[in-house]
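Colleague: I have a structure I would like to understand better, so I am pasting it below and will then ask my questions one at a time.
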Amino acid sequence: MLGFSTVCFGIACFLQGDFTIFWQPFPEGMPFRQPLAFLSSTLLVLSGAGLFFSRTRRIAAITQIVLFLAYAASWLSVFRSVQPWLGIAEHLATVAGAATVWARLSPESARLWHFGPTVARIAYGCCSIVFGLAHVVALEGTMSMVPAWLPGDAMFWALFTGAGHLAVGIALIVDRLAILATRLGSLMYLCFAAFAWLPGAVTHPDQWLRWAGTAITLVMLSALWLVGDYLRLSRQRNVE
């Protein structure tokens, strides 16, 4: 799933012809900005495709770790004008998911099993806390993403999903029902993609930013699911 969603994100970025301002806010005056944007999109597609094949999966995971760390760092360029924490957390959450793929395939995997699942769990948990707080801090923006056809008030859904993020984060950090939290959190991301992003992308197919939003939501879904898989495999090893 991470491979497919990353390929989709890369294609959407490539067709936009630049870095996506919502997720890759590199400075406008950055040297070689457009060639680097195309290189970034190409690497997203190639690394996503590489995750489908066992021979390339490890290098693909490393590539994604580097890419999404770079995207997280890009938010530091706008640190003074906006609050970058949500953007940074979105990319670090993806790094946590990609890192689980690398860890499971690393020559040091036997040693990494001792602390890797804990690091991945807490890392994604902290990011999820940021997501939940962002729903409250930027309540109006969150409400604007709620489809009008959903029953109930937009504020209810904004706060409800924010509480969902917080619940997932707390469950991961304190390690209580953590695997279940990753599954329910993934379902929530799927709803975000299907209800908040995809309809606009379908009705405005030339607006690649909407497709990128759909794809990055699926990327975070995949990362959370991978963290859950890593925890599950770790506990199976401990039982054995």
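In the structure tokens, each chain is lettered A, B, ... as it comes, each chain's residues begin at 1, and ligands are numbered from 1 in order of appearance.
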List the spatial neighbours of range 165-168 of chain A as a PyMOL selection string - criterion: any atom at most 7 Å away, only C-alpha atoms, same-chain residues fewer than 5 positions off excluded.
Modeller: chain A and resi 125+128-129+131-132+181-182+185
Colleague: Write down as an MDAnalysis selection string the residues of range 17-46 of chain A whose backbone DSSP state falls under alpha helix (DSSP H).
Modeller: chainID A and resid 33:46
Colleague: Within 9 Å of Gly228 in chain A, counting only C-alpha atoms, which residues show up once you throw out same-chain ones fewer than 5 positions away? Write them as a PyMOL selection string, please.
Modeller: chain A and resi 121+178-183+223+233
Colleague: Go ahead and write the selection's residues with all heavy atoms as a PDB file, in the first residue's frame.
Modeller:
ATOM      1  N   ARG A 121       6.615   3.057  17.180  1.00  0.00           N
ATOM      2  CA  ARG A 121       5.342   3.272  17.877  1.00  0.00           C
ATOM      3  C   ARG A 121       5.272   4.667  18.492  1.00  0.00           C
ATOM      4  O   ARG A 121       4.280   5.391  18.306  1.00  0.00           O
ATOM      5  CB  ARG A 121       5.181   2.193  18.954  1.00  0.00           C
ATOM      6  CG  ARG A 121       4.002   2.367  19.872  1.00  0.00           C
ATOM      7  CD  ARG A 121       3.850   1.171  20.794  1.00  0.00           C
ATOM      8  NE  ARG A 121       5.025   0.886  21.589  1.00  0.00           N
ATOM      9  CZ  ARG A 121       5.387   1.564  22.671  1.00  0.00           C
ATOM     10  NH1 ARG A 121       4.654   2.597  23.083  1.00  0.00           N
ATOM     11  NH2 ARG A 121       6.468   1.225  23.355  1.00  0.00           N
ATOM     12  N   ALA A 178      -2.374  -0.820  21.052  1.00  0.00           N
ATOM     13  CA  ALA A 178      -1.652  -0.069  20.024  1.00  0.00           C
ATOM     14  C   ALA A 178      -1.934  -0.603  18.622  1.00  0.00           C
ATOM     15  O   ALA A 178      -2.138   0.176  17.680  1.00  0.00           O
ATOM     16  CB  ALA A 178      -0.153  -0.100  20.313  1.00  0.00           C
ATOM     17  N   ILE A 179      -1.944  -1.922  18.460  1.00  0.00           N
ATOM     18  CA  ILE A 179      -2.172  -2.484  17.127  1.00  0.00           C
ATOM     19  C   ILE A 179      -3.590  -2.173  16.658  1.00  0.00           C
ATOM     20  O   ILE A 179      -3.808  -1.783  15.499  1.00  0.00           O
ATOM     21  CB  ILE A 179      -1.908  -4.001  17.127  1.00  0.00           C
ATOM     22  CG1 ILE A 179      -0.435  -4.277  17.467  1.00  0.00           C
ATOM     23  CG2 ILE A 179      -2.262  -4.610  15.772  1.00  0.00           C
ATOM     24  CD1 ILE A 179      -0.102  -5.749  17.605  1.00  0.00           C
ATOM     25  N   LEU A 180      -4.561  -2.319  17.551  1.00  0.00           N
ATOM     26  CA  LEU A 180      -5.935  -1.970  17.201  1.00  0.00           C
ATOM     27  C   LEU A 180      -6.023  -0.497  16.818  1.00  0.00           C
ATOM     28  O   LEU A 180      -6.734  -0.128  15.868  1.00  0.00           O
ATOM     29  CB  LEU A 180      -6.866  -2.268  18.372  1.00  0.00           C
ATOM     30  CG  LEU A 180      -8.338  -1.875  18.185  1.00  0.00           C
ATOM     31  CD1 LEU A 180      -8.958  -2.625  17.012  1.00  0.00           C
ATOM     32  CD2 LEU A 180      -9.124  -2.125  19.472  1.00  0.00           C
ATOM     33  N   ALA A 181      -5.296   0.348  17.523  1.00  0.00           N
ATOM     34  CA  ALA A 181      -5.310   1.783  17.223  1.00  0.00           C
ATOM     35  C   ALA A 181      -4.784   2.054  15.819  1.00  0.00           C
ATOM     36  O   ALA A 181      -5.305   2.926  15.110  1.00  0.00           O
ATOM     37  CB  ALA A 181      -4.483   2.543  18.256  1.00  0.00           C
ATOM     38  N   THR A 182      -3.756   1.305  15.397  1.00  0.00           N
ATOM     39  CA  THR A 182      -3.233   1.524  14.042  1.00  0.00           C
ATOM     40  C   THR A 182      -4.263   1.128  12.992  1.00  0.00           C
ATOM     41  O   THR A 182      -4.354   1.761  11.937  1.00  0.00           O
ATOM     42  CB  THR A 182      -1.936   0.733  13.803  1.00  0.00           C
ATOM     43  OG1 THR A 182      -2.193  -0.678  13.864  1.00  0.00           O
ATOM     44  CG2 THR A 182      -0.869   1.104  14.822  1.00  0.00           C
ATOM     45  N   ARG A 183      -5.051   0.104  13.277  1.00  0.00           N
ATOM     46  CA  ARG A 183      -6.064  -0.341  12.304  1.00  0.00           C
ATOM     47  C   ARG A 183      -7.224   0.656  12.237  1.00  0.00           C
ATOM     48  O   ARG A 183      -7.685   1.018  11.149  1.00  0.00           O
ATOM     49  CB  ARG A 183      -6.594  -1.725  12.677  1.00  0.00           C
ATOM     50  CG  ARG A 183      -5.598  -2.880  12.664  1.00  0.00           C
ATOM     51  CD  ARG A 183      -4.388  -2.677  11.815  1.00  0.00           C
ATOM     52  NE  ARG A 183      -3.567  -3.881  11.674  1.00  0.00           N
ATOM     53  CZ  ARG A 183      -2.319  -3.870  11.260  1.00  0.00           C
ATOM     54  NH1 ARG A 183      -1.720  -2.718  10.966  1.00  0.00           N
ATOM     55  NH2 ARG A 183      -1.639  -4.995  11.123  1.00  0.00           N
ATOM     56  N   ALA A 223       1.648   4.152   6.205  1.00  0.00           N
ATOM     57  CA  ALA A 223       2.699   4.207   7.218  1.00  0.00           C
ATOM     58  C   ALA A 223       2.179   3.724   8.570  1.00  0.00           C
ATOM     59  O   ALA A 223       2.860   2.974   9.282  1.00  0.00           O
ATOM     60  CB  ALA A 223       3.235   5.632   7.328  1.00  0.00           C
ATOM     61  N   LEU A 233       4.394  -8.208  14.433  1.00  0.00           N
ATOM     62  CA  LEU A 233       5.475  -9.170  14.214  1.00  0.00           C
ATOM     63  C   LEU A 233       6.428  -9.211  15.401  1.00  0.00           C
ATOM     64  O   LEU A 233       6.929 -10.281  15.774  1.00  0.00           O
ATOM     65  CB  LEU A 233       6.234  -8.801  12.938  1.00  0.00           C
ATOM     66  CG  LEU A 233       5.459  -8.991  11.631  1.00  0.00           C
ATOM     67  CD1 LEU A 233       6.246  -8.405  10.461  1.00  0.00           C
ATOM     68  CD2 LEU A 233       5.159 -10.461  11.391  1.00  0.00           C
TER      69      LEU A 233
END
Colleague: As a count of residues only, please: the residues near range 57-68 of chain A (cut-off 6 Å, only C-alpha atoms, same-chain neighbours under 4 positions excluded).
Modeller: 8
Colleague: Give me the residues near range 37-43 of chain A as a compact mmCIF listing (two decimals) with N, CA, C and O atoms, in the first residue's frame, where near means some atom within 9 Å (using only C-alpha atoms) and where sequence neighbours in that chain fewer than 4 positions away do not count.
Modeller:
# COMPACT_ATOMS: atom_id res chain seq x y z
N VAL A 7 3.62 6.15 -5.25
CA VAL A 7 3.62 6.33 -6.70
C VAL A 7 2.57 7.37 -7.10
O VAL A 7 2.83 8.27 -7.91
N PHE A 9 1.33 9.77 -5.25
CA PHE A 9 1.77 11.09 -4.79
C PHE A 9 2.83 11.65 -5.73
O PHE A 9 2.79 12.84 -6.10
N GLY A 10 3.75 10.81 -6.15
CA GLY A 10 4.79 11.26 -7.08
C GLY A 10 4.22 11.71 -8.41
O GLY A 10 4.64 12.72 -8.98
N ILE A 11 3.26 10.96 -8.93
CA ILE A 11 2.64 11.33 -10.21
C ILE A 11 1.90 12.66 -10.09
O ILE A 11 2.01 13.53 -10.97
N ALA A 12 1.16 12.83 -9.00
CA ALA A 12 0.43 14.09 -8.80
C ALA A 12 1.39 15.27 -8.70
O ALA A 12 1.14 16.34 -9.27
N CYS A 13 2.51 15.08 -8.00
CA CYS A 13 3.51 16.15 -7.89
C CYS A 13 4.15 16.43 -9.24
O CYS A 13 4.37 17.59 -9.62
N PHE A 14 4.42 15.36 -9.99
CA PHE A 14 5.06 15.52 -11.31
C PHE A 14 4.14 16.30 -12.25
O PHE A 14 4.59 17.22 -12.95
N GLY A 17 4.04 19.94 -11.77
CA GLY A 17 5.19 20.64 -12.32
C GLY A 17 6.01 21.41 -11.32
O GLY A 17 6.88 22.20 -11.70
N ASP A 18 5.78 21.17 -10.04
CA ASP A 18 6.52 21.89 -9.01
C ASP A 18 6.34 21.14 -7.70
O ASP A 18 5.58 20.18 -7.62
N PHE A 19 7.04 21.61 -6.66
CA PHE A 19 6.77 21.08 -5.33
C PHE A 19 5.36 21.48 -4.91
O PHE A 19 4.89 22.58 -5.22
N THR A 20 4.68 20.60 -4.20
CA THR A 20 3.33 20.93 -3.71
C THR A 20 3.45 21.82 -2.48
O THR A 20 4.10 21.45 -1.50
N PHE A 32 17.75 25.75 -8.79
CA PHE A 32 17.33 24.52 -9.48
C PHE A 32 16.03 23.96 -8.92
O PHE A 32 15.83 22.75 -8.87
N ARG A 33 15.15 24.85 -8.51
CA ARG A 33 13.91 24.42 -7.86
C ARG A 33 13.10 23.45 -8.73
O ARG A 33 12.73 22.37 -8.27
N SER A 47 10.76 4.93 -6.03
CA SER A 47 10.85 4.27 -4.72
C SER A 47 9.55 3.56 -4.38
O SER A 47 9.55 2.48 -3.78
N GLY A 48 8.43 4.18 -4.77
CA GLY A 48 7.15 3.51 -4.54
C GLY A 48 7.06 2.21 -5.31
O GLY A 48 6.64 1.17 -4.78
N THR A 63 15.28 5.32 0.33
CA THR A 63 15.01 6.50 -0.50
C THR A 63 13.83 7.28 0.04
O THR A 63 13.86 8.52 0.12
N GLN A 64 12.79 6.58 0.44
CA GLN A 64 11.62 7.27 0.97
C GLN A 64 11.93 7.94 2.31
O GLN A 64 11.44 9.04 2.58
N LEU A 67 13.72 11.13 1.35
CA LEU A 67 12.81 12.09 0.72
C LEU A 67 11.90 12.77 1.73
O LEU A 67 11.78 14.00 1.76
Colleague: Using only C-alpha atoms, which of the listed residues (A:Phe195, A:Phe22, A:Phe156, A:Tyr189) sits closest to Thr217 in chain A?
Modeller: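 With only C-alpha atoms as the atom set, the closest residue is A:Tyr189.
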Colleague: For the atom pair CA of Gly97 in chain A and CA of Ala120 in chain A, what is the interatomic distance in Å to one decimal place?
Modeller: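 Calculated distance between CA of Gly97 in chain A and CA of Ala120 in chain A is 7.4 Å.
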Colleague: Could you work out how far CA of Trp23 in chain A lies from CA of Arg104 in chain A, giving the answer in Å with one decimal?
Modeller: 27.6 Å
Colleague: Can you list, as a list in words, every protein, DNA or RNA residue that comes within 10 Å of Met1 in chain A when you count only C-alpha atoms, leaving out same-chain residues fewer than 3 positions away?
Modeller: Phe4, Ser5, Thr6, Val7, Gly48, Leu51, Phe52, Leu218, Val219, Leu221, Ser222, Ala223, Trp225 and Leu226 of chain A
Colleague: Could you please take those selected residues and save N, CA, C and O atoms as a PDB file, in the first residue's frame?
Modeller:
ATOM      1  N   PHE A   4       2.067   1.853  -3.608  1.00  0.00           N
ATOM      2  CA  PHE A   4       1.036   2.396  -4.489  1.00  0.00           C
ATOM      3  C   PHE A   4       0.757   3.865  -4.186  1.00  0.00           C
ATOM      4  O   PHE A   4       0.700   4.706  -5.093  1.00  0.00           O
ATOM      5  N   SER A   5       0.590   4.191  -2.903  1.00  0.00           N
ATOM      6  CA  SER A   5       0.237   5.563  -2.539  1.00  0.00           C
ATOM      7  C   SER A   5       1.380   6.528  -2.833  1.00  0.00           C
ATOM      8  O   SER A   5       1.143   7.677  -3.240  1.00  0.00           O
ATOM      9  N   THR A   6       2.622   6.070  -2.659  1.00  0.00           N
ATOM     10  CA  THR A   6       3.757   6.938  -2.958  1.00  0.00           C
ATOM     11  C   THR A   6       3.879   7.179  -4.455  1.00  0.00           C
ATOM     12  O   THR A   6       4.206   8.288  -4.892  1.00  0.00           O
ATOM     13  N   VAL A   7       3.621   6.151  -5.247  1.00  0.00           N
ATOM     14  CA  VAL A   7       3.617   6.332  -6.704  1.00  0.00           C
ATOM     15  C   VAL A   7       2.569   7.369  -7.096  1.00  0.00           C
ATOM     16  O   VAL A   7       2.834   8.270  -7.909  1.00  0.00           O
ATOM     17  N   GLY A  48       8.426   4.175  -4.767  1.00  0.00           N
ATOM     18  CA  GLY A  48       7.148   3.506  -4.544  1.00  0.00           C
ATOM     19  C   GLY A  48       7.062   2.205  -5.314  1.00  0.00           C
ATOM     20  O   GLY A  48       6.639   1.168  -4.785  1.00  0.00           O
ATOM     21  N   LEU A  51       9.131  -0.663  -3.833  1.00  0.00           N
ATOM     22  CA  LEU A  51       8.604  -1.379  -2.668  1.00  0.00           C
ATOM     23  C   LEU A  51       7.834  -2.638  -3.054  1.00  0.00           C
ATOM     24  O   LEU A  51       7.586  -3.494  -2.207  1.00  0.00           O
ATOM     25  N   PHE A  52       7.472  -2.757  -4.321  1.00  0.00           N
ATOM     26  CA  PHE A  52       6.723  -3.932  -4.763  1.00  0.00           C
ATOM     27  C   PHE A  52       7.631  -5.152  -4.971  1.00  0.00           C
ATOM     28  O   PHE A  52       7.131  -6.272  -5.076  1.00  0.00           O
ATOM     29  N   LEU A 218      -3.282   8.665   1.827  1.00  0.00           N
ATOM     30  CA  LEU A 218      -3.081   7.219   1.722  1.00  0.00           C
ATOM     31  C   LEU A 218      -1.665   6.824   2.122  1.00  0.00           C
ATOM     32  O   LEU A 218      -1.442   5.725   2.649  1.00  0.00           O
ATOM     33  N   VAL A 219      -0.702   7.712   1.885  1.00  0.00           N
ATOM     34  CA  VAL A 219       0.670   7.451   2.330  1.00  0.00           C
ATOM     35  C   VAL A 219       0.713   7.340   3.852  1.00  0.00           C
ATOM     36  O   VAL A 219       1.327   6.417   4.413  1.00  0.00           O
ATOM     37  N   LEU A 221      -1.803   6.676   5.828  1.00  0.00           N
ATOM     38  CA  LEU A 221      -2.539   5.454   6.167  1.00  0.00           C
ATOM     39  C   LEU A 221      -1.602   4.249   6.104  1.00  0.00           C
ATOM     40  O   LEU A 221      -1.545   3.428   7.030  1.00  0.00           O
ATOM     41  N   SER A 222      -0.868   4.157   5.001  1.00  0.00           N
ATOM     42  CA  SER A 222       0.030   3.019   4.803  1.00  0.00           C
ATOM     43  C   SER A 222       1.115   2.976   5.865  1.00  0.00           C
ATOM     44  O   SER A 222       1.473   1.902   6.370  1.00  0.00           O
ATOM     45  N   ALA A 223       1.648   4.152   6.205  1.00  0.00           N
ATOM     46  CA  ALA A 223       2.699   4.207   7.218  1.00  0.00           C
ATOM     47  C   ALA A 223       2.179   3.724   8.570  1.00  0.00           C
ATOM     48  O   ALA A 223       2.860   2.974   9.282  1.00  0.00           O
ATOM     49  N   TRP A 225      -0.331   1.684   9.080  1.00  0.00           N
ATOM     50  CA  TRP A 225      -0.571   0.241   8.987  1.00  0.00           C
ATOM     51  C   TRP A 225       0.743  -0.530   9.123  1.00  0.00           C
ATOM     52  O   TRP A 225       0.798  -1.573   9.787  1.00  0.00           O
ATOM     53  N   LEU A 226       1.803  -0.012   8.512  1.00  0.00           N
ATOM     54  CA  LEU A 226       3.109  -0.666   8.609  1.00  0.00           C
ATOM     55  C   LEU A 226       3.631  -0.664  10.042  1.00  0.00           C
ATOM     56  O   LEU A 226       4.243  -1.641  10.489  1.00  0.00           O
TER      57      LEU A 226
END
Colleague: Which polymer residues have any atom within 10 Å of an atom of Val136 in chain A, counting only C-alpha atoms, with same-chain residues fewer than 3 positions away left out, as a PyMOL selection string?
Modeller: chain A and resi 131-133+139-143+155+158-159+161-163
Colleague: Take the residues that were just selected and, keeping N, CA and C atoms, output them as a CSV table (one decimal), in the first residue's frame.
Modeller:
chain,number,residue,atom,x,y,z
A,131,PHE,N,-1.4,15.8,15.0
A,131,PHE,CA,-2.5,15.8,14.0
A,131,PHE,C,-3.8,16.2,14.8
A,132,GLY,N,-4.0,15.6,16.0
A,132,GLY,CA,-5.2,15.9,16.8
A,132,GLY,C,-5.2,17.3,17.2
A,133,LEU,N,-4.1,17.8,17.7
A,133,LEU,CA,-4.1,19.2,18.2
A,133,LEU,C,-4.3,20.2,17.0
A,139,LEU,N,-9.3,24.9,13.7
A,139,LEU,CA,-10.6,24.3,13.6
A,139,LEU,C,-11.4,24.7,12.4
A,140,GLU,N,-11.3,26.0,12.0
A,140,GLU,CA,-12.0,26.4,10.9
A,140,GLU,C,-11.6,25.8,9.6
A,141,GLY,N,-10.2,25.6,9.5
A,141,GLY,CA,-9.7,25.0,8.3
A,141,GLY,C,-10.1,23.5,8.2
A,142,THR,N,-10.1,22.9,9.4
A,142,THR,CA,-10.6,21.5,9.4
A,142,THR,C,-12.0,21.3,9.1
A,143,MET,N,-12.9,22.3,9.6
A,143,MET,CA,-14.3,22.2,9.3
A,143,MET,C,-14.5,22.4,7.8
A,155,MET,N,-18.4,21.1,12.8
A,155,MET,CA,-17.5,21.2,14.0
A,155,MET,C,-17.4,19.9,14.7
A,158,ALA,N,-15.0,17.7,12.8
A,158,ALA,CA,-13.6,18.2,13.0
A,158,ALA,C,-13.1,17.8,14.4
A,159,LEU,N,-13.9,18.0,15.4
A,159,LEU,CA,-13.4,17.6,16.8
A,159,LEU,C,-13.4,16.1,17.0
A,161,THR,N,-12.8,13.8,14.7
A,161,THR,CA,-11.6,13.2,14.0
A,161,THR,C,-10.3,13.6,14.8
A,162,GLY,N,-10.3,14.9,15.3
A,162,GLY,CA,-9.2,15.3,16.1
A,162,GLY,C,-9.0,14.4,17.3
A,163,ALA,N,-10.1,14.1,18.0
A,163,ALA,CA,-10.1,13.2,19.1
A,163,ALA,C,-9.6,11.8,18.7
